[in-house]
Amino acid sequence: MLFQLPTLPFAYDAFEPYIDAQTMEIHHTKHHQTYIDQLNNVIRNNPDLEQLSLEALLRSYQSYDQKTGLIIKNHGGGHFNHTFFWTQMHPEGLREPIGTLAEKIIATFGSFQNFKTEFESAAKSVFGSGWAWLCIDLEKQLVIIATPNQDAPLLYNIQPVMGLDVWEHAYYLKYQNRRVDYINAWWHVVDWQVLEKNYQKAIELVKPRNTEIEGVVI
């Protein structure tokens, strides 16, 4: 089965003035589509990969020849990360944590403001292109990490709760080199009701080490 570009549940201008419509459209229809196209080219040339989910492909990318594995890691990661990215956003979403995730953030970071400071620091620290993530680790604890390029959290045996794309294509048309302004704008578009659901799902997906998932041992 070949992968397809997901349809967004909002208009490209839904997040004005924080994220401009042109950036959203290019980000979705050009950048995300390119990751999918490159990943599908690999699958067409390797029909045995059609039976694997995107998650299984990413977890097993080192099992293939170097060229194939690198495309799966980079472009499969790009597809995974961007699909996750779009689902976190809602023009009328909740802008502060709720539920179990809110409690876990306070327990882990001391306050919502402390969490925001640490997350923003991770996003600012990315050299070049990459992502900042709030994740659940194998001990079911909240962790903030930064990843380079299109590395998906699954490659680090952690499950994402929130991810911020800090590639320049995500913000340059509006913010140019002002990544900090883009990071600050993120809090105006992310929906914490979705993140609470992501947290609950991540907890369920965390598996002990040496667990077999779709034929891949983690």
# chains A, B, ... in the order shown; residues from 1 in each chain; ligands from 1
$ residues_around --residues "Thr147 in chain A" --least-positions-apart "4" --cutoff "8 Å" --atoms "only C-alpha atoms" --output "list in words"
Val126, Gly130, Trp131, Ala132, Trp133, Asp151, Ala152 and Pro153 of chain A
$ closest_atom_pairs --of "range 98-167 of chain A" --to "range 54-68 of chain A" --cutoff "12 Å" --atoms "only C-alpha atoms" --output "JSON lines"
{"residue": "A:Gln150", "atom": "CA", "partner": "A:Leu58", "partner_atom": "CA", "distance": 11.3}
{"residue": "A:Asp151", "atom": "CA", "partner": "A:Leu58", "partner_atom": "CA", "distance": 9.4}
{"residue": "A:Ala152", "atom": "CA", "partner": "A:Leu58", "partner_atom": "CA", "distance": 8.0}
{"residue": "A:Pro153", "atom": "CA", "partner": "A:Leu58", "partner_atom": "CA", "distance": 9.9}
{"residue": "A:Leu154", "atom": "CA", "partner": "A:Arg59", "partner_atom": "CA", "distance": 6.7}
{"residue": "A:Leu155", "atom": "CA", "partner": "A:Arg59", "partner_atom": "CA", "distance": 6.2}
{"residue": "A:Tyr156", "atom": "CA", "partner": "A:Arg59", "partner_atom": "CA", "distance": 9.2}
{"residue": "A:Asn157", "atom": "CA", "partner": "A:Arg59", "partner_atom": "CA", "distance": 8.7}
{"residue": "A:Ile158", "atom": "CA", "partner": "A:Arg59", "partner_atom": "CA", "distance": 11.3}
{"residue": "A:Gln159", "atom": "CA", "partner": "A:Glu55", "partner_atom": "CA", "distance": 11.0}
$ write_last_selection --atoms "C-alpha atoms" --output "PDB file, in the first residue's frame"
ATOM      1  CA  GLN A 150      13.412  14.324   9.999  1.00  0.00           C
ATOM      2  CA  ASP A 151      14.384  11.816  12.678  1.00  0.00           C
ATOM      3  CA  ALA A 152      11.146  10.483  14.152  1.00  0.00           C
ATOM      4  CA  PRO A 153      10.882   9.897  17.916  1.00  0.00           C
ATOM      5  CA  LEU A 154      10.267   6.201  17.222  1.00  0.00           C
ATOM      6  CA  LEU A 155      13.929   5.896  16.250  1.00  0.00           C
ATOM      7  CA  TYR A 156      14.789   6.703  19.871  1.00  0.00           C
ATOM      8  CA  ASN A 157      12.255   4.242  21.340  1.00  0.00           C
ATOM      9  CA  ILE A 158      10.012   7.026  22.624  1.00  0.00           C
ATOM     10  CA  GLN A 159       6.467   8.052  21.773  1.00  0.00           C
TER      11      GLN A 159
END
$ residues_around --residues "range 185-195 of chain A" --least-positions-apart "3" --cutoff "7 Å" --atoms "only C-alpha atoms" --output "list in words"
Phe15, Tyr18, Gln88, Met89, His90, Pro91, Gly93, Leu94, Arg95, Glu96, Pro97, Ile98, Val161, Met162, Asp181, Tyr182, Asn198 and Tyr199 of chain A
$ select_by_dssp --residues "range 68-128 of chain A" --states "helix (DSSP H, G or I)" --output "MDAnalysis selection string"
chainID A and resid 68:87 99:109 112:125
$ write_last_selection --atoms "N, CA and C atoms" --output "tab-separated table (two decimals), in the first residue's frame"
chain	number	residue	atom	x	y	z
A	68	THR	N	18.39	2.44	0.70
A	68	THR	CA	16.97	2.27	1.01
A	68	THR	C	16.67	2.69	2.44
A	69	GLY	N	17.53	2.26	3.37
A	69	GLY	CA	17.33	2.59	4.77
A	69	GLY	C	17.36	4.08	5.03
A	70	LEU	N	18.26	4.78	4.34
A	70	LEU	CA	18.37	6.22	4.55
A	70	LEU	C	17.12	6.94	4.05
A	71	ILE	N	16.58	6.50	2.91
A	71	ILE	CA	15.35	7.11	2.39
A	71	ILE	C	14.19	6.87	3.34
A	72	ILE	N	14.09	5.65	3.85
A	72	ILE	CA	13.02	5.34	4.81
A	72	ILE	C	13.17	6.21	6.05
A	73	LYS	N	14.39	6.32	6.56
A	73	LYS	CA	14.61	7.14	7.76
A	73	LYS	C	14.25	8.59	7.51
A	74	ASN	N	14.74	9.16	6.42
A	74	ASN	CA	14.54	10.59	6.16
A	74	ASN	C	13.14	10.91	5.66
A	75	HIS	N	12.70	10.22	4.63
A	75	HIS	CA	11.41	10.55	4.03
A	75	HIS	C	10.24	9.88	4.76
A	76	GLY	N	10.46	8.67	5.26
A	76	GLY	CA	9.45	8.07	6.12
A	76	GLY	C	9.30	8.86	7.41
A	77	GLY	N	10.43	9.31	7.93
A	77	GLY	CA	10.38	10.16	9.12
A	77	GLY	C	9.68	11.47	8.83
A	78	GLY	N	9.94	12.05	7.66
A	78	GLY	CA	9.27	13.28	7.29
A	78	GLY	C	7.76	13.10	7.19
A	79	HIS	N	7.33	11.97	6.64
A	79	HIS	CA	5.89	11.70	6.55
A	79	HIS	C	5.29	11.50	7.94
A	80	PHE	N	5.95	10.71	8.77
A	80	PHE	CA	5.45	10.47	10.13
A	80	PHE	C	5.37	11.78	10.92
A	81	ASN	N	6.46	12.54	10.90
A	81	ASN	CA	6.51	13.76	11.71
A	81	ASN	C	5.47	14.78	11.27
A	82	HIS	N	5.32	14.95	9.96
A	82	HIS	CA	4.37	15.95	9.48
A	82	HIS	C	2.93	15.52	9.68
A	83	THR	N	2.63	14.25	9.50
A	83	THR	CA	1.29	13.76	9.77
A	83	THR	C	0.92	14.02	11.23
A	84	PHE	N	1.88	13.77	12.11
A	84	PHE	CA	1.67	14.05	13.54
A	84	PHE	C	1.52	15.55	13.78
A	85	PHE	N	2.33	16.34	13.11
A	85	PHE	CA	2.34	17.79	13.30
A	85	PHE	C	0.97	18.41	13.01
A	86	TRP	N	0.37	18.05	11.89
A	86	TRP	CA	-0.91	18.66	11.50
A	86	TRP	C	-2.01	18.35	12.51
A	87	THR	N	-1.99	17.16	13.08
A	87	THR	CA	-3.10	16.75	13.95
A	87	THR	C	-3.10	17.47	15.29
A	99	GLY	N	-6.31	17.70	32.05
A	99	GLY	CA	-6.34	16.29	32.38
A	99	GLY	C	-5.06	15.73	32.95
A	100	THR	N	-4.82	14.46	32.63
A	100	THR	CA	-3.65	13.75	33.16
A	100	THR	C	-2.35	14.36	32.68
A	101	LEU	N	-2.33	14.84	31.45
A	101	LEU	CA	-1.11	15.45	30.92
A	101	LEU	C	-0.76	16.71	31.71
A	102	ALA	N	-1.74	17.51	32.05
A	102	ALA	CA	-1.49	18.72	32.85
A	102	ALA	C	-0.86	18.34	34.18
A	103	GLU	N	-1.40	17.31	34.83
A	103	GLU	CA	-0.86	16.86	36.11
A	103	GLU	C	0.57	16.36	35.96
A	104	LYS	N	0.82	15.64	34.87
A	104	LYS	CA	2.16	15.08	34.64
A	104	LYS	C	3.17	16.18	34.35
A	105	ILE	N	2.75	17.21	33.64
A	105	ILE	CA	3.66	18.33	33.35
A	105	ILE	C	4.05	19.03	34.65
A	106	ILE	N	3.08	19.26	35.52
A	106	ILE	CA	3.39	19.92	36.80
A	106	ILE	C	4.32	19.04	37.62
A	107	ALA	N	4.04	17.74	37.67
A	107	ALA	CA	4.87	16.83	38.46
A	107	ALA	C	6.30	16.74	37.92
A	108	THR	N	6.44	16.83	36.60
A	108	THR	CA	7.75	16.65	35.97
A	108	THR	C	8.55	17.94	35.92
A	109	PHE	N	7.91	19.04	35.58
A	109	PHE	CA	8.63	20.29	35.33
A	109	PHE	C	8.39	21.36	36.39
A	112	PHE	N	3.67	24.83	34.37
A	112	PHE	CA	3.50	24.92	32.93
A	112	PHE	C	4.52	25.87	32.33
A	113	GLN	N	4.80	26.97	33.02
A	113	GLN	CA	5.77	27.94	32.52
A	113	GLN	C	7.17	27.33	32.44
A	114	ASN	N	7.55	26.55	33.44
A	114	ASN	CA	8.85	25.88	33.40
A	114	ASN	C	8.92	24.93	32.21
A	115	PHE	N	7.83	24.21	31.98
A	115	PHE	CA	7.79	23.31	30.83
A	115	PHE	C	7.98	24.09	29.53
A	116	LYS	N	7.24	25.19	29.38
A	116	LYS	CA	7.35	25.98	28.16
A	116	LYS	C	8.77	26.48	27.96
A	117	THR	N	9.40	26.91	29.03
A	117	THR	CA	10.78	27.41	28.93
A	117	THR	C	11.71	26.31	28.44
A	118	GLU	N	11.57	25.10	28.99
A	118	GLU	CA	12.44	23.99	28.58
A	118	GLU	C	12.15	23.56	27.14
A	119	PHE	N	10.89	23.55	26.77
A	119	PHE	CA	10.55	23.15	25.40
A	119	PHE	C	11.07	24.18	24.40
A	120	GLU	N	10.88	25.45	24.72
A	120	GLU	CA	11.37	26.51	23.84
A	120	GLU	C	12.89	26.45	23.71
A	121	SER	N	13.56	26.14	24.80
A	121	SER	CA	15.02	26.02	24.77
A	121	SER	C	15.45	24.89	23.84
A	122	ALA	N	14.73	23.77	23.88
A	122	ALA	CA	15.04	22.65	22.98
A	122	ALA	C	14.84	23.05	21.53
A	123	ALA	N	13.75	23.77	21.25
A	123	ALA	CA	13.46	24.21	19.89
A	123	ALA	C	14.51	25.19	19.38
A	124	LYS	N	14.97	26.07	20.25
A	124	LYS	CA	15.99	27.04	19.87
A	124	LYS	C	17.35	26.38	19.66
A	125	SER	N	17.58	25.26	20.34
A	125	SER	CA	18.90	24.62	20.32
A	125	SER	C	19.18	23.83	19.05
$ residues_around --residues "Met1 in chain A" --least-positions-apart "2" --cutoff "8 Å" --atoms "only C-alpha atoms" --output "short mmCIF file (atom, residue, chain, number, x, y, z; two decimals) with C-alpha atoms, in the first residue's frame"
data_model
loop_
_atom_site.label_atom_id
_atom_site.label_comp_id
_atom_site.auth_asym_id
_atom_site.auth_seq_id
_atom_site.Cartn_x
_atom_site.Cartn_y
_atom_site.Cartn_z
CA PHE A 3 1.14 6.35 1.39
CA GLU A 50 4.06 -2.81 1.14
CA GLN A 51 2.86 -4.97 4.03
#
$ closest_residue --among "A:Asn149, A:Gln4, A:Gln200, A:Gln176" --to "Gln38 in chain A" --atoms "only C-alpha atoms"
A:Gln4
